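Undergrad: This is work_30.txt (compact mmCIF, N, CA and C atoms).
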# COMPACT_ATOMS: atom_id res chain seq x y z
N MET A 1 25.90 11.90 -22.57
CA MET A 1 24.75 11.07 -22.81
C MET A 1 25.18 9.61 -22.84
N LYS A 2 24.45 8.77 -22.14
CA LYS A 2 24.80 7.35 -22.05
C LYS A 2 23.86 6.54 -22.92
N LYS A 3 24.42 5.64 -23.67
CA LYS A 3 23.64 4.76 -24.53
C LYS A 3 23.94 3.32 -24.12
N ILE A 4 22.90 2.50 -24.02
CA ILE A 4 23.10 1.10 -23.70
C ILE A 4 23.04 0.29 -24.99
N ILE A 5 24.01 -0.58 -25.17
CA ILE A 5 24.08 -1.42 -26.35
C ILE A 5 23.55 -2.79 -25.97
N GLU A 6 22.59 -3.30 -26.71
CA GLU A 6 22.02 -4.59 -26.35
C GLU A 6 22.19 -5.61 -27.46
N THR A 7 22.40 -6.85 -27.05
CA THR A 7 22.36 -7.97 -27.98
C THR A 7 21.41 -8.99 -27.38
N SER A 8 20.75 -9.74 -28.20
CA SER A 8 19.71 -10.63 -27.71
C SER A 8 20.24 -11.89 -27.03
N ASP A 9 21.47 -12.28 -27.32
CA ASP A 9 21.95 -13.55 -26.79
C ASP A 9 23.16 -13.43 -25.88
N ALA A 10 23.32 -12.29 -25.25
CA ALA A 10 24.42 -12.13 -24.30
C ALA A 10 24.15 -12.98 -23.07
N PRO A 11 25.19 -13.54 -22.47
CA PRO A 11 24.99 -14.38 -21.30
C PRO A 11 24.50 -13.60 -20.08
N ALA A 12 23.96 -14.33 -19.13
CA ALA A 12 23.43 -13.70 -17.92
C ALA A 12 24.55 -13.03 -17.14
N SER A 13 24.24 -11.91 -16.53
CA SER A 13 25.20 -11.21 -15.69
C SER A 13 24.46 -10.41 -14.64
N THR A 14 25.12 -10.22 -13.51
CA THR A 14 24.54 -9.39 -12.46
C THR A 14 24.93 -7.93 -12.64
N SER A 15 25.76 -7.64 -13.62
CA SER A 15 26.25 -6.28 -13.81
C SER A 15 25.36 -5.48 -14.75
N PRO A 16 25.07 -4.23 -14.42
CA PRO A 16 24.26 -3.40 -15.32
C PRO A 16 25.00 -3.03 -16.61
N VAL A 17 26.31 -3.25 -16.67
CA VAL A 17 27.06 -2.90 -17.88
C VAL A 17 27.42 -4.12 -18.71
N ALA A 18 26.82 -5.28 -18.41
CA ALA A 18 27.12 -6.48 -19.19
C ALA A 18 26.68 -6.31 -20.64
N GLN A 19 25.65 -5.49 -20.86
CA GLN A 19 25.19 -5.23 -22.22
C GLN A 19 25.92 -4.05 -22.85
N GLY A 20 26.79 -3.42 -22.07
CA GLY A 20 27.59 -2.33 -22.60
C GLY A 20 26.94 -0.97 -22.42
N THR A 21 27.75 0.01 -22.10
CA THR A 21 27.29 1.39 -22.08
C THR A 21 28.27 2.21 -22.89
N ALA A 22 27.76 3.27 -23.51
CA ALA A 22 28.61 4.11 -24.33
C ALA A 22 28.32 5.57 -24.02
N GLY A 23 29.35 6.37 -24.03
CA GLY A 23 29.20 7.80 -23.82
C GLY A 23 30.56 8.46 -23.78
N GLY A 24 30.63 9.70 -24.18
CA GLY A 24 31.88 10.45 -24.13
C GLY A 24 32.98 9.86 -24.98
N GLY A 25 32.61 9.16 -26.06
CA GLY A 25 33.62 8.59 -26.96
C GLY A 25 34.18 7.25 -26.52
N PHE A 26 33.60 6.65 -25.45
CA PHE A 26 34.09 5.37 -24.95
C PHE A 26 32.94 4.37 -24.83
N VAL A 27 33.30 3.10 -24.84
CA VAL A 27 32.36 2.01 -24.56
C VAL A 27 32.94 1.22 -23.41
N PHE A 28 32.08 0.86 -22.44
CA PHE A 28 32.51 0.01 -21.34
C PHE A 28 31.65 -1.23 -21.32
N VAL A 29 32.28 -2.38 -21.26
CA VAL A 29 31.59 -3.66 -21.13
C VAL A 29 32.19 -4.38 -19.94
N GLY A 30 31.37 -4.91 -19.07
CA GLY A 30 31.92 -5.62 -17.92
C GLY A 30 30.92 -6.52 -17.25
N GLY A 31 31.37 -7.14 -16.16
CA GLY A 31 30.49 -7.95 -15.33
C GLY A 31 30.09 -9.26 -15.96
N GLN A 32 30.89 -9.76 -16.88
CA GLN A 32 30.55 -10.99 -17.58
C GLN A 32 30.46 -12.16 -16.61
N MET A 33 29.35 -12.85 -16.63
CA MET A 33 29.24 -14.10 -15.89
C MET A 33 29.74 -15.22 -16.79
N PRO A 34 30.24 -16.31 -16.24
CA PRO A 34 30.85 -17.35 -17.06
C PRO A 34 29.85 -18.32 -17.68
N ARG A 35 28.80 -17.81 -18.28
CA ARG A 35 27.80 -18.68 -18.90
C ARG A 35 27.97 -18.69 -20.41
N ASP A 36 28.02 -19.87 -20.97
CA ASP A 36 28.13 -20.03 -22.41
C ASP A 36 26.90 -19.43 -23.08
N MET A 37 27.11 -18.65 -24.14
CA MET A 37 26.02 -17.97 -24.81
C MET A 37 25.05 -18.94 -25.48
N ASP A 38 25.53 -20.11 -25.87
CA ASP A 38 24.68 -21.07 -26.58
C ASP A 38 23.96 -22.03 -25.65
N THR A 39 24.66 -22.50 -24.62
CA THR A 39 24.08 -23.53 -23.75
C THR A 39 23.52 -22.98 -22.45
N GLY A 40 24.01 -21.82 -22.01
CA GLY A 40 23.60 -21.28 -20.72
C GLY A 40 24.32 -21.92 -19.55
N LEU A 41 25.20 -22.89 -19.83
CA LEU A 41 25.92 -23.58 -18.76
C LEU A 41 27.16 -22.80 -18.34
N ILE A 42 27.54 -22.94 -17.09
CA ILE A 42 28.74 -22.29 -16.58
C ILE A 42 29.97 -22.98 -17.16
N VAL A 43 30.88 -22.19 -17.69
CA VAL A 43 32.13 -22.69 -18.26
C VAL A 43 33.13 -22.83 -17.13
N ASP A 44 33.86 -23.94 -17.11
CA ASP A 44 34.77 -24.23 -16.01
C ASP A 44 36.20 -23.85 -16.37
N GLY A 45 36.91 -23.27 -15.43
CA GLY A 45 38.33 -22.98 -15.60
C GLY A 45 38.61 -21.55 -16.01
N ALA A 46 39.73 -21.03 -15.53
CA ALA A 46 40.09 -19.63 -15.75
C ALA A 46 40.29 -19.31 -17.22
N LEU A 47 40.97 -20.17 -17.96
CA LEU A 47 41.24 -19.89 -19.37
C LEU A 47 39.94 -19.82 -20.16
N GLU A 48 39.07 -20.79 -19.97
CA GLU A 48 37.81 -20.80 -20.72
C GLU A 48 36.91 -19.64 -20.33
N GLN A 49 36.90 -19.28 -19.04
CA GLN A 49 36.09 -18.14 -18.62
C GLN A 49 36.64 -16.84 -19.19
N ALA A 50 37.96 -16.71 -19.23
CA ALA A 50 38.56 -15.50 -19.82
C ALA A 50 38.25 -15.43 -21.31
N ARG A 51 38.36 -16.55 -22.01
CA ARG A 51 38.02 -16.57 -23.44
C ARG A 51 36.57 -16.17 -23.66
N LEU A 52 35.67 -16.74 -22.86
CA LEU A 52 34.25 -16.43 -22.99
C LEU A 52 33.99 -14.94 -22.72
N SER A 53 34.60 -14.42 -21.67
CA SER A 53 34.42 -13.01 -21.33
C SER A 53 34.92 -12.10 -22.45
N LEU A 54 36.06 -12.45 -23.03
CA LEU A 54 36.60 -11.63 -24.12
C LEU A 54 35.73 -11.73 -25.38
N ARG A 55 35.18 -12.91 -25.66
CA ARG A 55 34.27 -13.05 -26.81
C ARG A 55 33.02 -12.20 -26.59
N HIS A 56 32.52 -12.22 -25.35
CA HIS A 56 31.36 -11.41 -25.00
C HIS A 56 31.66 -9.92 -25.19
N CYS A 57 32.81 -9.48 -24.68
CA CYS A 57 33.20 -8.08 -24.83
C CYS A 57 33.30 -7.70 -26.30
N GLU A 58 33.91 -8.57 -27.10
CA GLU A 58 34.06 -8.27 -28.52
C GLU A 58 32.70 -8.11 -29.20
N LYS A 59 31.76 -8.99 -28.86
CA LYS A 59 30.43 -8.92 -29.47
C LYS A 59 29.73 -7.60 -29.13
N ILE A 60 29.79 -7.20 -27.87
CA ILE A 60 29.14 -5.96 -27.46
C ILE A 60 29.85 -4.75 -28.08
N LEU A 61 31.17 -4.79 -28.12
CA LEU A 61 31.91 -3.68 -28.73
C LEU A 61 31.55 -3.53 -30.20
N ARG A 62 31.45 -4.65 -30.90
CA ARG A 62 31.07 -4.58 -32.32
C ARG A 62 29.68 -3.98 -32.50
N ALA A 63 28.75 -4.35 -31.60
CA ALA A 63 27.40 -3.79 -31.66
C ALA A 63 27.41 -2.28 -31.45
N ALA A 64 28.43 -1.80 -30.74
CA ALA A 64 28.57 -0.37 -30.48
C ALA A 64 29.42 0.34 -31.54
N GLY A 65 29.85 -0.41 -32.57
CA GLY A 65 30.68 0.19 -33.61
C GLY A 65 32.14 0.29 -33.22
N SER A 66 32.56 -0.48 -32.23
CA SER A 66 33.94 -0.47 -31.78
C SER A 66 34.52 -1.87 -32.00
N GLY A 67 35.56 -2.24 -31.27
CA GLY A 67 36.15 -3.56 -31.42
C GLY A 67 37.29 -3.76 -30.46
N LEU A 68 37.79 -5.00 -30.40
CA LEU A 68 38.91 -5.30 -29.51
C LEU A 68 40.14 -4.46 -29.83
N ASP A 69 40.29 -4.09 -31.09
CA ASP A 69 41.45 -3.28 -31.47
C ASP A 69 41.41 -1.87 -30.90
N LYS A 70 40.27 -1.48 -30.34
CA LYS A 70 40.13 -0.14 -29.76
C LYS A 70 40.11 -0.15 -28.23
N VAL A 71 40.37 -1.33 -27.64
CA VAL A 71 40.39 -1.43 -26.18
C VAL A 71 41.62 -0.71 -25.64
N THR A 72 41.41 0.16 -24.67
CA THR A 72 42.51 0.89 -24.07
C THR A 72 42.90 0.35 -22.69
N LEU A 73 41.96 -0.30 -22.01
CA LEU A 73 42.23 -0.83 -20.68
C LEU A 73 41.28 -1.98 -20.39
N ALA A 74 41.80 -3.01 -19.78
CA ALA A 74 40.98 -4.13 -19.32
C ALA A 74 41.14 -4.27 -17.81
N ILE A 75 40.03 -4.50 -17.14
CA ILE A 75 40.05 -4.73 -15.71
C ILE A 75 39.61 -6.17 -15.50
N VAL A 76 40.48 -6.97 -14.90
CA VAL A 76 40.24 -8.40 -14.77
C VAL A 76 40.09 -8.74 -13.29
N TYR A 77 38.94 -9.30 -12.94
CA TYR A 77 38.68 -9.72 -11.57
C TYR A 77 38.86 -11.23 -11.49
N VAL A 78 39.65 -11.69 -10.54
CA VAL A 78 39.90 -13.12 -10.36
C VAL A 78 39.71 -13.49 -8.90
N THR A 79 39.33 -14.74 -8.67
CA THR A 79 39.23 -15.21 -7.28
C THR A 79 40.57 -15.70 -6.77
N ASP A 80 41.51 -15.92 -7.68
CA ASP A 80 42.82 -16.42 -7.29
C ASP A 80 43.85 -15.89 -8.28
N LEU A 81 44.89 -15.24 -7.78
CA LEU A 81 45.90 -14.67 -8.67
C LEU A 81 46.67 -15.72 -9.46
N SER A 82 46.51 -17.00 -9.11
CA SER A 82 47.15 -18.05 -9.90
C SER A 82 46.54 -18.14 -11.30
N ALA A 83 45.43 -17.46 -11.53
CA ALA A 83 44.79 -17.43 -12.85
C ALA A 83 45.52 -16.51 -13.83
N LYS A 84 46.56 -15.82 -13.35
CA LYS A 84 47.25 -14.84 -14.19
C LYS A 84 47.76 -15.45 -15.49
N SER A 85 48.33 -16.64 -15.47
CA SER A 85 48.85 -17.23 -16.70
C SER A 85 47.72 -17.54 -17.68
N ALA A 86 46.56 -17.95 -17.17
CA ALA A 86 45.41 -18.20 -18.04
C ALA A 86 44.91 -16.90 -18.65
N ILE A 87 44.90 -15.84 -17.85
CA ILE A 87 44.49 -14.52 -18.35
C ILE A 87 45.44 -14.07 -19.46
N ASN A 88 46.73 -14.20 -19.21
CA ASN A 88 47.72 -13.80 -20.23
C ASN A 88 47.55 -14.60 -21.51
N ALA A 89 47.26 -15.89 -21.39
CA ALA A 89 47.06 -16.73 -22.58
C ALA A 89 45.83 -16.29 -23.35
N ALA A 90 44.73 -16.02 -22.65
CA ALA A 90 43.50 -15.59 -23.32
C ALA A 90 43.69 -14.23 -23.99
N PHE A 91 44.40 -13.33 -23.33
CA PHE A 91 44.66 -12.01 -23.93
C PHE A 91 45.57 -12.14 -25.15
N GLY A 92 46.54 -13.04 -25.08
CA GLY A 92 47.41 -13.28 -26.22
C GLY A 92 46.63 -13.78 -27.43
N GLU A 93 45.68 -14.69 -27.18
CA GLU A 93 44.83 -15.20 -28.26
C GLU A 93 43.95 -14.11 -28.85
N ALA A 94 43.38 -13.29 -27.99
CA ALA A 94 42.43 -12.27 -28.45
C ALA A 94 43.11 -11.06 -29.09
N PHE A 95 44.27 -10.65 -28.56
CA PHE A 95 44.87 -9.40 -28.98
C PHE A 95 46.20 -9.55 -29.71
N GLY A 96 46.77 -10.74 -29.71
CA GLY A 96 48.06 -10.93 -30.36
C GLY A 96 49.20 -10.42 -29.50
N ALA A 97 50.24 -9.93 -30.15
CA ALA A 97 51.47 -9.54 -29.46
C ALA A 97 51.35 -8.24 -28.68
N ASN A 98 50.32 -7.44 -28.93
CA ASN A 98 50.19 -6.13 -28.28
C ASN A 98 48.87 -5.98 -27.53
N PRO A 99 48.67 -6.75 -26.47
CA PRO A 99 47.42 -6.63 -25.72
C PRO A 99 47.35 -5.30 -24.97
N PRO A 100 46.14 -4.86 -24.66
CA PRO A 100 46.00 -3.60 -23.93
C PRO A 100 46.47 -3.73 -22.49
N ALA A 101 46.65 -2.61 -21.84
CA ALA A 101 47.00 -2.62 -20.42
C ALA A 101 45.88 -3.31 -19.65
N ARG A 102 46.27 -4.07 -18.61
CA ARG A 102 45.26 -4.72 -17.80
C ARG A 102 45.59 -4.56 -16.33
N ASN A 103 44.54 -4.45 -15.58
CA ASN A 103 44.65 -4.36 -14.14
C ASN A 103 44.02 -5.62 -13.56
N LEU A 104 44.82 -6.44 -12.91
CA LEU A 104 44.34 -7.70 -12.33
C LEU A 104 43.99 -7.46 -10.87
N VAL A 105 42.75 -7.74 -10.51
CA VAL A 105 42.25 -7.47 -9.17
C VAL A 105 41.77 -8.78 -8.54
N GLU A 106 42.30 -9.11 -7.37
CA GLU A 106 41.86 -10.31 -6.68
C GLU A 106 40.70 -9.97 -5.75
N VAL A 107 39.62 -10.71 -5.89
CA VAL A 107 38.43 -10.50 -5.05
C VAL A 107 37.96 -11.85 -4.51
N LYS A 108 37.21 -11.82 -3.42
CA LYS A 108 36.76 -13.06 -2.81
C LYS A 108 35.62 -13.70 -3.59
N ASP A 109 34.68 -12.90 -4.05
CA ASP A 109 33.49 -13.46 -4.70
C ASP A 109 33.11 -12.59 -5.89
N ILE A 110 33.13 -13.17 -7.08
CA ILE A 110 32.77 -12.38 -8.26
C ILE A 110 31.58 -12.98 -9.00
N GLY A 111 30.76 -13.71 -8.30
CA GLY A 111 29.54 -14.19 -8.92
C GLY A 111 29.47 -15.70 -9.03
N GLU A 112 28.30 -16.16 -9.36
CA GLU A 112 28.00 -17.59 -9.43
C GLU A 112 28.95 -18.33 -10.36
N GLY A 113 29.76 -19.21 -9.81
CA GLY A 113 30.63 -20.03 -10.62
C GLY A 113 31.80 -19.32 -11.27
N ALA A 114 31.98 -18.05 -10.98
CA ALA A 114 32.99 -17.27 -11.69
C ALA A 114 34.36 -17.40 -11.05
N ILE A 115 35.35 -17.57 -11.88
CA ILE A 115 36.75 -17.50 -11.49
C ILE A 115 37.31 -16.19 -12.02
N VAL A 116 36.86 -15.83 -13.22
CA VAL A 116 37.37 -14.67 -13.94
C VAL A 116 36.21 -13.85 -14.48
N GLU A 117 36.28 -12.54 -14.31
CA GLU A 117 35.39 -11.62 -15.01
C GLU A 117 36.25 -10.52 -15.59
N ILE A 118 35.91 -10.06 -16.77
CA ILE A 118 36.71 -9.06 -17.47
C ILE A 118 35.83 -7.90 -17.90
N GLY A 119 36.30 -6.71 -17.62
CA GLY A 119 35.66 -5.51 -18.14
C GLY A 119 36.65 -4.78 -19.04
N VAL A 120 36.16 -4.18 -20.10
CA VAL A 120 37.05 -3.43 -20.98
C VAL A 120 36.50 -2.04 -21.24
N ILE A 121 37.43 -1.12 -21.44
CA ILE A 121 37.10 0.23 -21.86
C ILE A 121 37.70 0.39 -23.26
N ALA A 122 36.87 0.81 -24.20
CA ALA A 122 37.32 0.94 -25.59
C ALA A 122 36.88 2.27 -26.17
N LEU A 123 37.59 2.72 -27.17
CA LEU A 123 37.16 3.91 -27.90
C LEU A 123 35.91 3.59 -28.68
N ALA A 124 34.97 4.51 -28.68
CA ALA A 124 33.70 4.29 -29.40
C ALA A 124 33.91 4.49 -30.90
I'd like the structure from this file rewritten - as structure tokens, please.

TA:
Amino acid sequence: MKKIIETSDAPASTSPVAQGTAGGGFVFVGGQMPRDMDTGLIVDGALEQARLSLRHCEKILRAAGSGLDKVTLAIVYVTDLSAKSAINAAFGEAFGANPPARNLVEVKDIGEGAIVEIGVIALA
């Protein structure tokens, strides 16, 4: 059974899982667009977009009764693999010394203004 987790102020996204889905003991959040939750403006730069995406994921996970500490895998989409150091920095800030496994995927187009999008799979 799939449950959708909603929050009223999540940023715009083209992904159907931006609000989170839960089922089978897991929560998946993804497809984050780089829009600031307060201003609606696109955030510039890989580090800031990664931070925003991780904050978004954390908010949705908490709404589902989970959290960043229960993330088992992160899938990171980037338009340029040079963003890897920014991704590592954002993950270090969010998860500390033991970040979850991540799969970095280079794609040509990941949405309006996006450099980085992050999806996470967490235990429910």

Undergrad: Quick one: pick out all strand (DSSP E or B) residues within segment 27-83 of chain A from a backbone DSSP run and write them as a PyMOL selection string.

TA: chain A and resi 27-29+35+42+71-78

Undergrad: What is the atom CA of Ala50 of chain A to atom CA of Lys108 of chain A distance in Å?

TA: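 Taking atom CA of Ala50 of chain A as the start and atom CA of Lys108 of chain A as the end point, the length is 17.3 Å.
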
Undergrad: Using only N, CA and C atoms, determine which residues lie at most 8 Å from segment 91-94 of chain A, disregarding the query and same-chain residues fewer than 3 positions distant; provide the list as a JSON list (two decimals) with N, CA and C atoms, in the coordinates of the input.

TA:
[["chain", "number", "residue", "atom", "x", "y", "z"],
["A", 50, "ALA", "N", 37.96, -16.71, -19.23],
["A", 50, "ALA", "CA", 38.56, -15.50, -19.82],
["A", 50, "ALA", "C", 38.25, -15.43, -21.31],
["A", 51, "ARG", "N", 38.36, -16.55, -22.01],
["A", 51, "ARG", "CA", 38.02, -16.57, -23.44],
["A", 51, "ARG", "C", 36.57, -16.17, -23.66],
["A", 54, "LEU", "N", 36.06, -12.45, -23.03],
["A", 54, "LEU", "CA", 36.60, -11.63, -24.12],
["A", 54, "LEU", "C", 35.73, -11.73, -25.38],
["A", 55, "ARG", "N", 35.18, -12.91, -25.66],
["A", 55, "ARG", "CA", 34.27, -13.05, -26.81],
["A", 55, "ARG", "C", 33.02, -12.20, -26.59],
["A", 68, "LEU", "N", 37.79, -5.00, -30.40],
["A", 68, "LEU", "CA", 38.91, -5.30, -29.51],
["A", 68, "LEU", "C", 40.14, -4.46, -29.83],
["A", 69, "ASP", "N", 40.29, -4.09, -31.09],
["A", 69, "ASP", "CA", 41.45, -3.28, -31.47],
["A", 69, "ASP", "C", 41.41, -1.87, -30.90],
["A", 85, "SER", "N", 48.33, -16.64, -15.47],
["A", 85, "SER", "CA", 48.85, -17.23, -16.70],
["A", 85, "SER", "C", 47.72, -17.54, -17.68],
["A", 86, "ALA", "N", 46.56, -17.95, -17.17],
["A", 86, "ALA", "CA", 45.41, -18.20, -18.04],
["A", 86, "ALA", "C", 44.91, -16.90, -18.65],
["A", 87, "ILE", "N", 44.90, -15.84, -17.85],
["A", 87, "ILE", "CA", 44.49, -14.52, -18.35],
["A", 87, "ILE", "C", 45.44, -14.07, -19.46],
["A", 88, "ASN", "N", 46.73, -14.20, -19.21],
["A", 88, "ASN", "CA", 47.72, -13.80, -20.23],
["A", 88, "ASN", "C", 47.55, -14.60, -21.51],
["A", 97, "ALA", "N", 50.24, -9.93, -30.15],
["A", 97, "ALA", "CA", 51.47, -9.54, -29.46],
["A", 97, "ALA", "C", 51.35, -8.24, -28.68],
["A", 98, "ASN", "N", 50.32, -7.44, -28.93],
["A", 98, "ASN", "CA", 50.19, -6.13, -28.28],
["A", 98, "ASN", "C", 48.87, -5.98, -27.53],
["A", 99, "PRO", "N", 48.67, -6.75, -26.47],
["A", 99, "PRO", "CA", 47.42, -6.63, -25.72],
["A", 99, "PRO", "C", 47.35, -5.30, -24.97],
["A", 100, "PRO", "N", 46.14, -4.86, -24.66],
["A", 100, "PRO", "CA", 46.00, -3.60, -23.93],
["A", 100, "PRO", "C", 46.47, -3.73, -22.49]]

Undergrad: Extract, using all atoms listed in the file, all DNA, RNA and protein residues at most 6 Å from segment 26-28 of chain A, discarding same-chain residues fewer than 2 positions from it, and format them as a count of residues only.

TA: 12

Undergrad: If you take every atom of segment 14-29 of chain A that the file lists and fit an axis-aligned box around them with 8 Å extra on each side, what centre and edge lengths come out in Å to one decimal, as AutoDock Vina command-line options?

TA:
--center_x 29.2 --center_y 0.1 --center_z -19.7 --size_x 25.9 --size_y 36.7 --size_z 30.5

Undergrad: Would you please extract all alpha helix (DSSP H) residues from chain A, as assigned by DSSP on the backbone, and give them as JSON, numbers by chain?

TA: {"A": [46, 47, 48, 49, 50, 51, 52, 53, 54, 55, 56, 57, 58, 59, 60, 61, 62, 63, 84, 85, 86, 87, 88, 89, 90, 91, 92, 93, 94, 95]}

Undergrad: To one decimal in Å, tell me the separation between atom CA of Phe95 of chain A and atom CA of Val43 of chain A.

TA: 21.3 Å

Undergrad: I'd like the interatomic distance between atom N of Ile110 of chain A and atom CA of Met37 of chain A, to a tenth of an Å.

TA: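 Taking atom N of Ile110 of chain A as the start and atom CA of Met37 of chain A as the end point, the length is 19.7 Å.
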
Undergrad: Around the point (34.7, 2.4, -33.0), in the coordinates given by the file, pick out the residues reaching within 8 Å, counting only N, CA and C atoms, and return them as number ranges by chain.

TA: A: 61-62, 64-67, 70, 122-124

Undergrad: So that I can see what lies close to segment 76-78 of chain A, please list as a count of residues only the residues with an atom at most 6.5 Å from it, counting all atoms listed in the file and leaving out residues fewer than 6 positions away in the same chain.

TA: 12

Undergrad: Measuring atom to atom with only C-alpha atoms, identify which of A:Gly96, A:Asp109, A:Val71, A:Pro34 is nearest to Leu47 of chain A.

TA: A:Pro34

Undergrad: Since the input is missing atoms, can you rebuild all heavy atoms for segment 76-83 of chain A and write them as a PDB file, in the frame of the given file?

TA:
ATOM      1  N   VAL A  76      40.480  -6.970 -14.900  1.00  0.00           N
ATOM      2  CA  VAL A  76      40.240  -8.400 -14.770  1.00  0.00           C
ATOM      3  C   VAL A  76      40.090  -8.740 -13.290  1.00  0.00           C
ATOM      4  O   VAL A  76      40.988  -8.482 -12.496  1.00  0.00           O
ATOM      5  CB  VAL A  76      41.404  -9.207 -15.381  1.00  0.00           C
ATOM      6  CG1 VAL A  76      41.100 -10.693 -15.308  1.00  0.00           C
ATOM      7  CG2 VAL A  76      41.680  -8.769 -16.813  1.00  0.00           C
ATOM      8  N   TYR A  77      38.940  -9.300 -12.940  1.00  0.00           N
ATOM      9  CA  TYR A  77      38.680  -9.720 -11.570  1.00  0.00           C
ATOM     10  C   TYR A  77      38.860 -11.230 -11.490  1.00  0.00           C
ATOM     11  O   TYR A  77      38.299 -11.967 -12.300  1.00  0.00           O
ATOM     12  CB  TYR A  77      37.258  -9.346 -11.149  1.00  0.00           C
ATOM     13  CG  TYR A  77      37.020  -7.863 -11.173  1.00  0.00           C
ATOM     14  CD1 TYR A  77      36.451  -7.250 -12.283  1.00  0.00           C
ATOM     15  CD2 TYR A  77      37.382  -7.069 -10.091  1.00  0.00           C
ATOM     16  CE1 TYR A  77      36.241  -5.879 -12.317  1.00  0.00           C
ATOM     17  CE2 TYR A  77      37.174  -5.691 -10.119  1.00  0.00           C
ATOM     18  CZ  TYR A  77      36.605  -5.111 -11.224  1.00  0.00           C
ATOM     19  OH  TYR A  77      36.404  -3.762 -11.252  1.00  0.00           O
ATOM     20  N   VAL A  78      39.650 -11.690 -10.540  1.00  0.00           N
ATOM     21  CA  VAL A  78      39.900 -13.120 -10.360  1.00  0.00           C
ATOM     22  C   VAL A  78      39.710 -13.490  -8.900  1.00  0.00           C
ATOM     23  O   VAL A  78      39.898 -12.673  -8.010  1.00  0.00           O
ATOM     24  CB  VAL A  78      41.322 -13.516 -10.817  1.00  0.00           C
ATOM     25  CG1 VAL A  78      41.508 -13.301 -12.306  1.00  0.00           C
ATOM     26  CG2 VAL A  78      42.391 -12.764 -10.036  1.00  0.00           C
ATOM     27  N   THR A  79      39.330 -14.740  -8.670  1.00  0.00           N
ATOM     28  CA  THR A  79      39.230 -15.210  -7.280  1.00  0.00           C
ATOM     29  C   THR A  79      40.570 -15.700  -6.770  1.00  0.00           C
ATOM     30  O   THR A  79      40.737 -15.883  -5.574  1.00  0.00           O
ATOM     31  CB  THR A  79      38.195 -16.353  -7.163  1.00  0.00           C
ATOM     32  OG1 THR A  79      38.539 -17.387  -8.084  1.00  0.00           O
ATOM     33  CG2 THR A  79      36.802 -15.849  -7.467  1.00  0.00           C
ATOM     34  N   ASP A  80      41.510 -15.920  -7.680  1.00  0.00           N
ATOM     35  CA  ASP A  80      42.820 -16.420  -7.290  1.00  0.00           C
ATOM     36  C   ASP A  80      43.850 -15.890  -8.280  1.00  0.00           C
ATOM     37  O   ASP A  80      43.704 -16.076  -9.490  1.00  0.00           O
ATOM     38  CB  ASP A  80      42.794 -17.946  -7.309  1.00  0.00           C
ATOM     39  CG  ASP A  80      44.063 -18.567  -6.745  1.00  0.00           C
ATOM     40  OD1 ASP A  80      45.136 -17.915  -6.785  1.00  0.00           O
ATOM     41  OD2 ASP A  80      43.990 -19.710  -6.273  1.00  0.00           O
ATOM     42  N   LEU A  81      44.890 -15.240  -7.780  1.00  0.00           N
ATOM     43  CA  LEU A  81      45.900 -14.670  -8.670  1.00  0.00           C
ATOM     44  C   LEU A  81      46.670 -15.720  -9.460  1.00  0.00           C
ATOM     45  O   LEU A  81      47.360 -15.394 -10.420  1.00  0.00           O
ATOM     46  CB  LEU A  81      46.865 -13.792  -7.873  1.00  0.00           C
ATOM     47  CG  LEU A  81      46.281 -12.456  -7.398  1.00  0.00           C
ATOM     48  CD1 LEU A  81      47.295 -11.722  -6.523  1.00  0.00           C
ATOM     49  CD2 LEU A  81      45.858 -11.591  -8.572  1.00  0.00           C
ATOM     50  N   SER A  82      46.510 -17.000  -9.110  1.00  0.00           N
ATOM     51  CA  SER A  82      47.150 -18.050  -9.900  1.00  0.00           C
ATOM     52  C   SER A  82      46.540 -18.140 -11.300  1.00  0.00           C
ATOM     53  O   SER A  82      47.087 -18.799 -12.182  1.00  0.00           O
ATOM     54  CB  SER A  82      47.045 -19.401  -9.192  1.00  0.00           C
ATOM     55  OG  SER A  82      45.694 -19.833  -9.158  1.00  0.00           O
ATOM     56  N   ALA A  83      45.430 -17.460 -11.530  1.00  0.00           N
ATOM     57  CA  ALA A  83      44.790 -17.430 -12.850  1.00  0.00           C
ATOM     58  C   ALA A  83      45.520 -16.510 -13.830  1.00  0.00           C
ATOM     59  O   ALA A  83      45.164 -16.440 -15.000  1.00  0.00           O
ATOM     60  CB  ALA A  83      43.333 -16.991 -12.719  1.00  0.00           C
TER      61      ALA A  83
END
